[in-house]
Amino acid sequence: MGKIYKGLAQSGLWGCFDEFNRINLDVLSVCAQQVYCILSAIRERKRSFVFTDGSTVSLDPRVGFFITMNPGYAGRQELPENLKALFRGVTMMVPNRQIIIKVKLAACGYQENDILSKKFFVLYGLCEQQLSKQPHYDFGLRNILSVLRTAGASKRANPDKSEVYLMMRTLRDMNMSKYVAEDVPLFLSLIEDLFPGLKAERAQFPDVSKALEKVAIERGLQLHQNWLNKCIQLYETYLVRHGIMLVGPSGSGKTAIMEVLAGALTELGTKHVIWRMNPKAITAPQMFGRMDPATGDWTDGIFAVLWRRAAKNKNQNTWIVLDGPVDAIWIENLNTVLDDNKVLTLANGDRILMTPAMKAMFEPENLNNASPATVSRAGIIYVSDTELGWEPVVKSWLAKRDQAQATGLQPCFDKYVSRMLEFIRVNLRPVVYNETACTVGTLLTLLSATLQKYESTHEQLTETKLEHLFLYCLTWSLGGLLSEKERPAFDTELRSIAGANLPKRESENDTVFEYLVDESTGNWRHWSNYVPEWTYPVTEERPKFSQPVIPTLDSVRYERLLALVHSANGASMLVGGPGTAKTTVVNQFLGKFNSEQMVSKTITFSSLTSPQIFQMAIEGAVEKRQGRTYGPPGGKRMCVFVDDISMPAINEWGDQVTNEIVRQLLEQGGMYGLEKPIGDMKFVVDTCYLAAMNTPGGGKNDVPNRLKRQFAIFNVPLPSVAAINGIFGKLVEGRFSPDLFTDAVVQAARRLVPMTITLWNKTQAKMLPTPAKFHYLFNMRELSKVFQGVILAERDRFSNKLPPGGQKPYGSTVTSPEGYLLGLWVHECRRVFADKLVNTEDRAWVDKTIVDLCRQEFAPELCKQVDEPLYFVDFLRDPVVDDETGEVLSAHPSHYEAVPGGLKEIRTRVEALQRRFNEESKNLKLNLVLFTDALLHLMRISRLMAMARGSGLLVGVGGSGKQSLARLAAYIGGAYTFQITITKTYNVTNLFEDIKALYKIAGFKGQPVCFLFTDAEVKDESFLEYINQILMTGEVAGLLPKDELDMIINDIRPIMKQAAPGVPDTWDNLYSFFLNRVRDNLHVMLCFSPVGDKFSRRAQQFPGLINGCTIDWFLPWPEEALTSVSGKFIDEFKMACTEEAKSSLKVMMAHVHVYVTAACKEYFEKFRRHVYVTPKSYLSFIQGYKELYSRKWAYTQELAVSIQAGLQKMVEAKEDVNKMKAELAIKNQELAAASKEAEALLKSISESTAVAEKGVPFSAGLLACRMNHAA
């Protein structure tokens, strides 16, 4: 903006800033300072002035600034006060349109301009009031002027015709194009009322019409009159507008209208080309251009490059089609293009004029987010879904078929399609909305694939066989999106039409969905005849649970559908709830390809998957072939599977930008390169696409309708009880085969599957998800995890081949192999169903349900054996040492088995392992109090570490011991533990480096790796996107560049040859081996806190956090555990009290914590405000107590020393006083004697005095002499 202001100031020009309030608020504030700087210089009459950036600029005082804007639209800002103060506000009123119309008509030569302007004005007023409120309707001045321009052209072309006739025809033809089908009759009646009795033919363009018909026929399209009318309407708009919008639902023929018209105009002499791009598949800087903030270099965006190229092309007409959803941001950047300026203004100040040979065209599904400013600037052609319908599409398809097939299929379309479509629309509710044309498109895709085989063999199909094949395809296209509950209604209706052409039901619950047409005979056969047999790998003690896939009726029929669509070069999408085996079915389908000819690439979406991540993933899987063409390496074909395609976040405009680039890739076969040369489309060839998504609703997104159109979509319902029984029944039957186990064990094993299904169903019905328990999802994954644990257990405890007395004690109260099996099943059910529950009441309900099921199915004697819980761990055995060499063969032998000595034995062993950990660890020391709950959590984590691909989501408030227990469990399992270190500069690049290091340890060394990741380490939400990819597929987009990947493949070759000698060492096999080895050995342990809404939001945004992990919910520590913890700290703490007082203190500490926790709960219930008291608070409480006690004890001791010193002084003083008392007694005796002498002397003196007074007087000399003697 500063460059523009300086330029205006130097040249003295007036600048008009249109839609100024679309600029961000911080930039507007800077603009205010810049304008103020120039205005101040004008006031001071300066010739030059210093601009805000420090540069000296000459000033022409004639400069002026004008702002024009629409207030209050979406994406607009309120102007800041410092900017408003610099401008004078002028409110523009709505003008008298009738006068404008009258003047314009008079200028065009209309004599009856007065009456015609009135009719024009009244018609638009009635249209605004009476027609439906569509966002793309515009009856403003821009629309009026385009109609008036056309009216003037009509007058000049037909000077002899009636002006009323010309005006009526122009008004009708110029507006009909934008109305939805429901508004057309009302608009025509309004025209008829205003122009009574007047009938006018459409304006004729005979040359264009002939060319349109010719091009349509060449392209194999039908000359459907309504659709041809839309082509003509586009041509009429093309003549008067340079910005055109083709709006309408998916499958209504918009693209074909544009392409056929361009072809027709090319036929007429001037070459017309269409350049297509999706503005929502890229960011705004990638579209228009960006400036490097460091160097100031400008790089054009894709649209800017295309615009420059089109402006330079002189020998052709170029239509730049922006094929994507419209929002109020990117399209308003084109306001100057669409209005009369016809200029593209870029942020670097470039202004690229639009030439007459250019058109800006838009092809959105709707204009819900477009502002009136946008709608008024463009010519709108609305194509309703009823304009074309599905019949012309079918006719075009039949025209390309063999004549005999077309003749046989036409009656089938007439007989079934309309009636079944209407029945579904009125009576049924598909799980995903899809346009009718798209549903019929799926039918045509399936028919094409089904009939391919017969075309290659030139087999002539009978009418009956053809109808059977048609019904099979109809069932899976029109009924393919119905839920399990609605399929019987569809079946009943179809039987009422088809009669004997549908198969007889083999069982009561069968529908037409359970049957397919035999390719050779053309008769219906039940799908159960096509399910292959599966055998359990009996020789393997611990088979890899993730690898065997047991075929079911559902998996086989969906595989066939995928194969059909694939053979017709189509794309398929499976829709279903979580745990319906969508991903498994697709992987099963992909696994059947010849690896020499076909490779696969899986991309899992989450809410943070961006278009750039998707583009990087695709570009990383292809190589350059020639020119702008890219393809899979080695000249192979590639199948891209996009899992969870509906997961990307929906922005504030309701668009899924990530799926826009997916649609562009499927529709146009390529993507625009983001690196130089910018503006070149990279075409990806030899690629097919598959997708899977969750059923929309309940917080789960749908995908855009225009993307759905690219896929044949099929709903995958939950497997039936019979199917689940079949899957896990075969697994358990194979594991516990009669030749290895006693009859009692085999009979007990057979009952486990129905019991698990019953428990699963009851838990699903009782434990419903709520906002606080959002993870209460119980799907097929839970069933799978139960039996994964059952199969993980060592078989030697059950076997009847062991010598007598060769078995170890079972543990707890179990006394028989069948009791041991039941105890194992109870243990696994608790791990899977109870450990994820958030309170003791829910867990108690699951425990009671398990016990009740056992009592229903088994004898009381057997049930008594499992009254006490049986604990299973895999770290009981000592390291395996070679007797001869003394070499340690296995430092951590993993044998999943029961603990004979119960919790006491586990505690002893774990404490010893903890001491060993502390001895070996230099930095980190674990000082865990292994109370019962902590031991149980440790065993759960250890169980996950023992499983291939076992990852855990440990949920608990701070200080619960999640990280410490995970570290100890990893050490016990011999895993390398890693946790990222967050710094200020830690970013995605650093995360990638850390993940690469872990991949190499897990892949090359084959060592278990525990990747600890806490919610405190989520520095950027994109970190979770990559964690989600690790959990779901193991492939992280952009993690391994091509050169590093090649090095990894070379390094893994000798390892694979040793591990799997029979597998060819092709690039794909080596990469697959490396990835599977990484996934088997890399255990992600997520430690999250449930406090706040972050956890629930992240779990919804990144489904892998729930689906890819086993949840272990840490409940608040019980009072006994709290007492144990306080005991650990208080017992070692020196206190001046008795042991009884210490014991009471420990109990009181635990009680205080429990009481405060209850008070917090009560506080929340009363005031709806959370106060959290966590185990960390308890530890702080104990530490605080110890510190306070130590401080007070030190103070007391100091006080005692002072008092002791005082007492010593007092004792010394007492002794001195006693000594002085003795001396005083002696002195008192001497004093008494002296007193007696004095008294005697005084007496004698008194007597002498008395004698003297009575007797002869003495002389003074004699008296003095006597006095001296007395003294």
# chains A, B, ... in the order shown; residues from 1 in each chain; ligands from 1

call {"tool": "select_by_dssp", "arguments": {"residues": "stretch 1054-1205 of chain A", "states": "strand (DSSP E)", "output": "PyMOL selection string"}}
result
chain A and resi 1082-1088+1110-1113

call {"tool": "residues_around", "arguments": {"residues": "stretch 628-633 of chain A", "least_positions_apart": "5", "cutoff": "7 Å", "atoms": "only C-alpha atoms", "output": "PyMOL selection string"}}
result
chain A and resi 621-623+638+681-686

call {"tool": "write_last_selection", "arguments": {"atoms": "all heavy atoms", "output": "PDB file, in the first residue's frame"}}
result
ATOM      1  N   ALA A 621       4.935 -40.551  -4.638  1.00  0.00           N
ATOM      2  CA  ALA A 621       4.685 -41.928  -5.105  1.00  0.00           C
ATOM      3  C   ALA A 621       4.796 -42.057  -6.621  1.00  0.00           C
ATOM      4  O   ALA A 621       4.598 -43.147  -7.154  1.00  0.00           O
ATOM      5  CB  ALA A 621       3.291 -42.375  -4.651  1.00  0.00           C
ATOM      6  N   VAL A 622       5.066 -40.949  -7.306  1.00  0.00           N
ATOM      7  CA  VAL A 622       5.159 -41.005  -8.773  1.00  0.00           C
ATOM      8  C   VAL A 622       6.502 -40.451  -9.226  1.00  0.00           C
ATOM      9  O   VAL A 622       7.211 -39.802  -8.451  1.00  0.00           O
ATOM     10  CB  VAL A 622       4.006 -40.211  -9.449  1.00  0.00           C
ATOM     11  CG1 VAL A 622       2.672 -40.839  -9.140  1.00  0.00           C
ATOM     12  CG2 VAL A 622       4.018 -38.745  -9.018  1.00  0.00           C
ATOM     13  N   GLU A 623       6.828 -40.713 -10.487  1.00  0.00           N
ATOM     14  CA  GLU A 623       8.061 -40.172 -11.064  1.00  0.00           C
ATOM     15  C   GLU A 623       7.734 -39.552 -12.415  1.00  0.00           C
ATOM     16  O   GLU A 623       6.703 -39.864 -13.021  1.00  0.00           O
ATOM     17  CB  GLU A 623       9.097 -41.285 -11.222  1.00  0.00           C
ATOM     18  CG  GLU A 623       8.667 -42.401 -12.167  1.00  0.00           C
ATOM     19  CD  GLU A 623       9.686 -43.525 -12.254  1.00  0.00           C
ATOM     20  OE1 GLU A 623      10.600 -43.558 -11.411  1.00  0.00           O
ATOM     21  OE2 GLU A 623       9.548 -44.367 -13.160  1.00  0.00           O
ATOM     22  N   MET A 638      -0.873 -47.721 -10.498  1.00  0.00           N
ATOM     23  CA  MET A 638      -0.922 -47.508  -9.048  1.00  0.00           C
ATOM     24  C   MET A 638      -2.367 -47.313  -8.610  1.00  0.00           C
ATOM     25  O   MET A 638      -3.168 -46.688  -9.319  1.00  0.00           O
ATOM     26  CB  MET A 638      -0.099 -46.279  -8.657  1.00  0.00           C
ATOM     27  CG  MET A 638      -0.134 -45.985  -7.159  1.00  0.00           C
ATOM     28  SD  MET A 638       1.056 -44.720  -6.638  1.00  0.00           S
ATOM     29  CE  MET A 638       0.318 -43.255  -7.338  1.00  0.00           C
ATOM     30  N   MET A 681       0.359 -27.652 -15.091  1.00  0.00           N
ATOM     31  CA  MET A 681      -0.367 -28.767 -14.499  1.00  0.00           C
ATOM     32  C   MET A 681       0.487 -30.031 -14.593  1.00  0.00           C
ATOM     33  O   MET A 681       1.028 -30.344 -15.653  1.00  0.00           O
ATOM     34  CB  MET A 681      -1.697 -28.952 -15.235  1.00  0.00           C
ATOM     35  CG  MET A 681      -2.487 -30.169 -14.819  1.00  0.00           C
ATOM     36  SD  MET A 681      -3.414 -29.964 -13.297  1.00  0.00           S
ATOM     37  CE  MET A 681      -4.909 -29.196 -13.889  1.00  0.00           C
ATOM     38  N   LYS A 682       0.612 -30.743 -13.478  1.00  0.00           N
ATOM     39  CA  LYS A 682       1.287 -32.046 -13.474  1.00  0.00           C
ATOM     40  C   LYS A 682       0.213 -33.117 -13.645  1.00  0.00           C
ATOM     41  O   LYS A 682      -0.637 -33.281 -12.761  1.00  0.00           O
ATOM     42  CB  LYS A 682       2.028 -32.264 -12.157  1.00  0.00           C
ATOM     43  CG  LYS A 682       3.224 -31.368 -11.954  1.00  0.00           C
ATOM     44  CD  LYS A 682       3.901 -31.703 -10.612  1.00  0.00           C
ATOM     45  CE  LYS A 682       5.161 -30.873 -10.406  1.00  0.00           C
ATOM     46  NZ  LYS A 682       5.779 -31.165  -9.108  1.00  0.00           N
ATOM     47  N   PHE A 683       0.254 -33.829 -14.759  1.00  0.00           N
ATOM     48  CA  PHE A 683      -0.752 -34.864 -15.019  1.00  0.00           C
ATOM     49  C   PHE A 683      -0.259 -36.206 -14.474  1.00  0.00           C
ATOM     50  O   PHE A 683       0.863 -36.633 -14.771  1.00  0.00           O
ATOM     51  CB  PHE A 683      -1.038 -34.962 -16.514  1.00  0.00           C
ATOM     52  CG  PHE A 683      -1.719 -33.741 -17.063  1.00  0.00           C
ATOM     53  CD1 PHE A 683      -0.997 -32.761 -17.725  1.00  0.00           C
ATOM     54  CD2 PHE A 683      -3.078 -33.551 -16.876  1.00  0.00           C
ATOM     55  CE1 PHE A 683      -1.614 -31.620 -18.211  1.00  0.00           C
ATOM     56  CE2 PHE A 683      -3.700 -32.412 -17.352  1.00  0.00           C
ATOM     57  CZ  PHE A 683      -2.975 -31.452 -18.028  1.00  0.00           C
ATOM     58  N   VAL A 684      -1.106 -36.843 -13.660  1.00  0.00           N
ATOM     59  CA  VAL A 684      -0.766 -38.139 -13.060  1.00  0.00           C
ATOM     60  C   VAL A 684      -1.535 -39.217 -13.822  1.00  0.00           C
ATOM     61  O   VAL A 684      -2.767 -39.210 -13.853  1.00  0.00           O
ATOM     62  CB  VAL A 684      -1.139 -38.173 -11.565  1.00  0.00           C
ATOM     63  CG1 VAL A 684      -0.770 -39.514 -10.945  1.00  0.00           C
ATOM     64  CG2 VAL A 684      -0.438 -37.038 -10.819  1.00  0.00           C
ATOM     65  N   VAL A 685      -0.813 -40.130 -14.454  1.00  0.00           N
ATOM     66  CA  VAL A 685      -1.451 -41.152 -15.290  1.00  0.00           C
ATOM     67  C   VAL A 685      -1.279 -42.532 -14.659  1.00  0.00           C
ATOM     68  O   VAL A 685      -0.534 -42.708 -13.693  1.00  0.00           O
ATOM     69  CB  VAL A 685      -0.854 -41.148 -16.722  1.00  0.00           C
ATOM     70  CG1 VAL A 685      -1.125 -39.836 -17.412  1.00  0.00           C
ATOM     71  CG2 VAL A 685       0.655 -41.439 -16.678  1.00  0.00           C
ATOM     72  N   ASP A 686      -1.981 -43.519 -15.225  1.00  0.00           N
ATOM     73  CA  ASP A 686      -1.919 -44.922 -14.777  1.00  0.00           C
ATOM     74  C   ASP A 686      -2.228 -45.045 -13.288  1.00  0.00           C
ATOM     75  O   ASP A 686      -1.561 -45.777 -12.546  1.00  0.00           O
ATOM     76  CB  ASP A 686      -0.532 -45.526 -15.061  1.00  0.00           C
ATOM     77  CG  ASP A 686      -0.298 -45.703 -16.555  1.00  0.00           C
ATOM     78  OD1 ASP A 686      -1.294 -45.739 -17.301  1.00  0.00           O
ATOM     79  OD2 ASP A 686       0.873 -45.782 -16.973  1.00  0.00           O
TER      80      ASP A 686
END

call {"tool": "atom_distance", "arguments": {"atom1": "atom CA of A:Leu1231", "atom2": "atom CA of A:Asp1216"}}
result
21.8 Å

call {"tool": "closest_atom_pairs", "arguments": {"of": "stretch 343-417 of chain A", "to": "stretch 455-458 of chain A", "cutoff": "10 Å", "atoms": "only C-alpha atoms", "output": "JSON lines"}}
result
{"residue": "A:Arg401", "atom": "CA", "partner": "A:Glu455", "partner_atom": "CA", "distance": 9.7}
{"residue": "A:Asp402", "atom": "CA", "partner": "A:Glu455", "partner_atom": "CA", "distance": 8.5}
{"residue": "A:Gln405", "atom": "CA", "partner": "A:Glu455", "partner_atom": "CA", "distance": 9.8}

call {"tool": "residues_around", "arguments": {"residues": "stretch 92-96 of chain A", "least_positions_apart": "2", "cutoff": "12 Å", "atoms": "only C-alpha atoms", "output": "PDB file with C-alpha atoms, in the first residue's frame"}}
result
ATOM      1  CA  THR A  68     -15.681   2.963  -1.807  1.00  0.00           C
ATOM      2  CA  MET A  69     -16.950   0.024   0.198  1.00  0.00           C
ATOM      3  CA  ASN A  70     -19.929  -2.062   1.207  1.00  0.00           C
ATOM      4  CA  PRO A  71     -20.225  -2.284   5.003  1.00  0.00           C
ATOM      5  CA  GLY A  89     -18.141   9.953   4.960  1.00  0.00           C
ATOM      6  CA  VAL A  90     -20.717  10.045   2.151  1.00  0.00           C
ATOM      7  CA  GLN A  98     -36.735   3.732 -13.373  1.00  0.00           C
ATOM      8  CA  ILE A  99     -35.210   7.057 -14.457  1.00  0.00           C
ATOM      9  CA  ILE A 100     -31.873   5.353 -15.244  1.00  0.00           C
ATOM     10  CA  ILE A 101     -33.676   2.702 -17.307  1.00  0.00           C
ATOM     11  CA  LYS A 102     -35.651   5.392 -19.135  1.00  0.00           C
ATOM     12  CA  VAL A 103     -32.550   7.423 -20.001  1.00  0.00           C
ATOM     13  CA  SER A 117     -38.957   1.651 -18.268  1.00  0.00           C
ATOM     14  CA  LYS A 118     -41.984   1.401 -15.984  1.00  0.00           C
ATOM     15  CA  PHE A 121     -38.937  -1.455 -13.056  1.00  0.00           C
ATOM     16  CA  GLY A 140     -29.483  -4.519  -9.091  1.00  0.00           C
ATOM     17  CA  LEU A 141     -28.008  -1.880 -11.375  1.00  0.00           C
TER      18      LEU A 141
END

call {"tool": "residues_around", "arguments": {"residues": "stretch 1053-1059 of chain A", "least_positions_apart": "3", "cutoff": "10 Å", "atoms": "only C-alpha atoms", "output": "compact mmCIF listing (two decimals) with all heavy atoms, in the first residue's frame"}}
result
# COMPACT_ATOMS: atom_id res chain seq x y z
N GLY A 1003 12.91 -50.91 12.20
CA GLY A 1003 12.94 -51.62 10.93
C GLY A 1003 14.19 -52.44 10.71
O GLY A 1003 14.11 -53.61 10.32
N PHE A 1004 15.34 -51.85 10.98
CA PHE A 1004 16.60 -52.56 10.71
C PHE A 1004 16.97 -53.52 11.84
O PHE A 1004 17.26 -54.69 11.62
CB PHE A 1004 17.75 -51.56 10.50
CG PHE A 1004 17.60 -50.75 9.24
CD1 PHE A 1004 17.94 -49.40 9.21
CD2 PHE A 1004 17.09 -51.32 8.08
CE1 PHE A 1004 17.80 -48.65 8.06
CE2 PHE A 1004 16.96 -50.58 6.92
CZ PHE A 1004 17.30 -49.24 6.91
N LYS A 1005 16.95 -53.01 13.08
CA LYS A 1005 17.36 -53.86 14.20
C LYS A 1005 16.27 -54.83 14.61
O LYS A 1005 16.55 -55.85 15.25
CB LYS A 1005 17.74 -52.98 15.41
CG LYS A 1005 18.98 -52.13 15.19
CD LYS A 1005 19.32 -51.38 16.48
CE LYS A 1005 20.56 -50.50 16.30
NZ LYS A 1005 20.85 -49.75 17.53
N GLY A 1006 15.01 -54.49 14.28
CA GLY A 1006 13.91 -55.35 14.71
C GLY A 1006 13.69 -55.27 16.21
O GLY A 1006 13.06 -56.14 16.80
N ILE A 1048 17.25 -47.02 2.33
CA ILE A 1048 16.58 -47.93 3.27
C ILE A 1048 16.25 -49.25 2.58
O ILE A 1048 16.45 -50.34 3.15
CB ILE A 1048 15.30 -47.26 3.82
CG1 ILE A 1048 15.68 -46.20 4.86
CG2 ILE A 1048 14.35 -48.29 4.44
CD1 ILE A 1048 14.54 -45.33 5.32
N ILE A 1049 15.76 -49.17 1.34
CA ILE A 1049 15.40 -50.39 0.59
C ILE A 1049 16.63 -51.27 0.39
O ILE A 1049 16.56 -52.49 0.56
CB ILE A 1049 14.77 -50.01 -0.76
CG1 ILE A 1049 13.44 -49.25 -0.56
CG2 ILE A 1049 14.55 -51.23 -1.64
CD1 ILE A 1049 12.41 -49.99 0.25
N ASN A 1050 17.78 -50.68 0.07
CA ASN A 1050 19.01 -51.46 -0.11
C ASN A 1050 19.47 -52.10 1.20
O ASN A 1050 19.93 -53.23 1.23
CB ASN A 1050 20.13 -50.57 -0.67
CG ASN A 1050 19.86 -50.19 -2.12
OD1 ASN A 1050 19.24 -50.96 -2.86
ND2 ASN A 1050 20.30 -49.01 -2.53
N GLY A 1062 11.47 -66.81 0.72
CA GLY A 1062 10.69 -67.16 -0.47
C GLY A 1062 10.09 -65.97 -1.19
O GLY A 1062 9.52 -66.10 -2.28
N VAL A 1063 10.18 -64.77 -0.61
CA VAL A 1063 9.54 -63.59 -1.21
C VAL A 1063 10.52 -62.90 -2.15
O VAL A 1063 11.67 -62.63 -1.77
CB VAL A 1063 9.09 -62.61 -0.10
CG1 VAL A 1063 8.42 -61.38 -0.70
CG2 VAL A 1063 8.16 -63.30 0.88
N PRO A 1064 10.11 -62.59 -3.40
CA PRO A 1064 11.01 -61.88 -4.33
C PRO A 1064 11.38 -60.51 -3.77
O PRO A 1064 10.53 -59.81 -3.21
CB PRO A 1064 10.18 -61.73 -5.61
CG PRO A 1064 9.02 -62.65 -5.45
CD PRO A 1064 8.80 -62.88 -4.00
N ASP A 1065 12.65 -60.11 -3.93
CA ASP A 1065 13.10 -58.84 -3.34
C ASP A 1065 12.88 -57.68 -4.29
O ASP A 1065 13.80 -56.94 -4.64
CB ASP A 1065 14.56 -58.93 -2.88
CG ASP A 1065 15.50 -59.27 -4.03
OD1 ASP A 1065 15.02 -59.73 -5.08
OD2 ASP A 1065 16.72 -59.06 -3.88
N THR A 1066 11.61 -57.49 -4.69
CA THR A 1066 11.26 -56.32 -5.51
C THR A 1066 11.19 -55.09 -4.60
O THR A 1066 11.09 -55.21 -3.37
CB THR A 1066 9.90 -56.52 -6.20
OG1 THR A 1066 8.90 -56.67 -5.18
CG2 THR A 1066 9.90 -57.77 -7.08
N TRP A 1067 11.21 -53.93 -5.23
CA TRP A 1067 11.18 -52.67 -4.47
C TRP A 1067 9.94 -52.61 -3.57
O TRP A 1067 10.03 -52.27 -2.40
CB TRP A 1067 11.20 -51.49 -5.44
CG TRP A 1067 11.55 -50.18 -4.80
CD1 TRP A 1067 12.77 -49.58 -4.77
CD2 TRP A 1067 10.66 -49.29 -4.10
NE1 TRP A 1067 12.71 -48.38 -4.09
CE2 TRP A 1067 11.42 -48.17 -3.66
CE3 TRP A 1067 9.30 -49.32 -3.77
CZ2 TRP A 1067 10.88 -47.13 -2.94
CZ3 TRP A 1067 8.75 -48.28 -3.05
CH2 TRP A 1067 9.54 -47.20 -2.64
N ASN A 1069 8.00 -55.09 -2.46
CA ASN A 1069 8.03 -56.09 -1.38
C ASN A 1069 8.98 -55.66 -0.26
O ASN A 1069 8.67 -55.83 0.92
CB ASN A 1069 8.46 -57.45 -1.93
CG ASN A 1069 7.38 -58.10 -2.75
OD1 ASN A 1069 6.21 -57.73 -2.65
ND2 ASN A 1069 7.73 -59.07 -3.58
N LEU A 1070 10.11 -55.08 -0.65
CA LEU A 1070 11.08 -54.63 0.35
C LEU A 1070 10.50 -53.48 1.18
O LEU A 1070 10.62 -53.46 2.41
CB LEU A 1070 12.37 -54.18 -0.33
CG LEU A 1070 13.25 -55.30 -0.91
CD1 LEU A 1070 14.28 -54.72 -1.88
CD2 LEU A 1070 13.95 -56.07 0.21
N TYR A 1071 9.85 -52.54 0.50
CA TYR A 1071 9.26 -51.40 1.22
C TYR A 1071 8.14 -51.88 2.14
O TYR A 1071 8.02 -51.43 3.29
CB TYR A 1071 8.74 -50.37 0.23
CG TYR A 1071 8.11 -49.17 0.88
CD1 TYR A 1071 8.87 -48.32 1.69
CD2 TYR A 1071 6.76 -48.88 0.73
CE1 TYR A 1071 8.30 -47.22 2.32
CE2 TYR A 1071 6.18 -47.79 1.34
CZ TYR A 1071 6.95 -46.96 2.14
OH TYR A 1071 6.39 -45.89 2.77
N PHE A 1073 7.85 -54.86 3.47
CA PHE A 1073 8.47 -55.59 4.58
C PHE A 1073 8.99 -54.62 5.63
O PHE A 1073 8.78 -54.80 6.84
CB PHE A 1073 9.60 -56.47 4.04
CG PHE A 1073 10.39 -57.17 5.12
CD1 PHE A 1073 9.90 -58.32 5.70
CD2 PHE A 1073 11.61 -56.66 5.56
CE1 PHE A 1073 10.62 -58.97 6.71
CE2 PHE A 1073 12.33 -57.29 6.55
CZ PHE A 1073 11.83 -58.45 7.13
N PHE A 1074 9.67 -53.56 5.17
CA PHE A 1074 10.21 -52.55 6.09
C PHE A 1074 9.09 -51.89 6.89
O PHE A 1074 9.16 -51.75 8.11
CB PHE A 1074 11.01 -51.51 5.30
CG PHE A 1074 11.47 -50.34 6.13
CD1 PHE A 1074 12.52 -50.48 7.03
CD2 PHE A 1074 10.84 -49.11 6.03
CE1 PHE A 1074 12.94 -49.40 7.80
CE2 PHE A 1074 11.26 -48.03 6.80
CZ PHE A 1074 12.32 -48.19 7.69
N ARG A 1077 7.47 -54.25 9.37
CA ARG A 1077 8.40 -54.49 10.50
C ARG A 1077 8.41 -53.30 11.44
O ARG A 1077 8.42 -53.46 12.67
CB ARG A 1077 9.79 -54.75 9.92
CG ARG A 1077 10.79 -55.38 10.88
CD ARG A 1077 11.97 -55.83 10.06
NE ARG A 1077 13.19 -55.86 10.82
CZ ARG A 1077 13.78 -56.97 11.26
NH1 ARG A 1077 13.21 -58.13 11.05
NH2 ARG A 1077 14.92 -56.92 11.91

call {"tool": "select_by_dssp", "arguments": {"residues": "stretch 65-152 of chain A", "states": "helix (DSSP H, G or I)", "output": "VMD selection string"}}
result
chain A and resid 81 to 84 97 to 107 113 to 130 141 to 152

call {"tool": "closest_residue", "arguments": {"among": "A:Ala500, A:Met671, A:Val184, A:Ile4", "to": "A:Ala347", "atoms": "only C-alpha atoms"}}
result
A:Ile4

call {"tool": "residues_around", "arguments": {"residues": "A:Ala834", "least_positions_apart": "3", "cutoff": "10 Å", "atoms": "only C-alpha atoms", "output": "ChimeraX atom specification"}}
result
/A:763,828-831,837-840,842-847,1111-1113

call {"tool": "write_last_selection", "arguments": {"atoms": "C-alpha atoms", "output": "PDB file, in the first residue's frame"}}
result
ATOM      1  CA  THR A 763     -21.831 -53.055  26.394  1.00  0.00           C
ATOM      2  CA  GLU A 828      -8.871 -60.141  27.961  1.00  0.00           C
ATOM      3  CA  CYS A 829     -12.488 -58.930  28.107  1.00  0.00           C
ATOM      4  CA  ARG A 830     -11.640 -56.783  31.107  1.00  0.00           C
ATOM      5  CA  ARG A 831      -8.586 -55.367  29.322  1.00  0.00           C
ATOM      6  CA  LEU A 837     -14.198 -46.855  31.168  1.00  0.00           C
ATOM      7  CA  VAL A 838     -13.983 -43.674  33.211  1.00  0.00           C
ATOM      8  CA  ASN A 839     -15.436 -44.663  36.579  1.00  0.00           C
ATOM      9  CA  THR A 840     -15.677 -47.593  38.952  1.00  0.00           C
ATOM     10  CA  ASP A 842     -19.111 -48.603  34.751  1.00  0.00           C
ATOM     11  CA  ARG A 843     -16.252 -51.032  35.332  1.00  0.00           C
ATOM     12  CA  ALA A 844     -18.220 -52.865  38.012  1.00  0.00           C
ATOM     13  CA  TRP A 845     -21.108 -53.249  35.541  1.00  0.00           C
ATOM     14  CA  VAL A 846     -18.796 -54.819  32.926  1.00  0.00           C
ATOM     15  CA  ASP A 847     -17.274 -57.160  35.544  1.00  0.00           C
ATOM     16  CA  ILE A1111      -7.203 -47.068  25.888  1.00  0.00           C
ATOM     17  CA  ASP A1112      -6.117 -47.416  29.519  1.00  0.00           C
ATOM     18  CA  TRP A1113      -8.009 -44.902  31.649  1.00  0.00           C
TER      19      TRP A1113
END
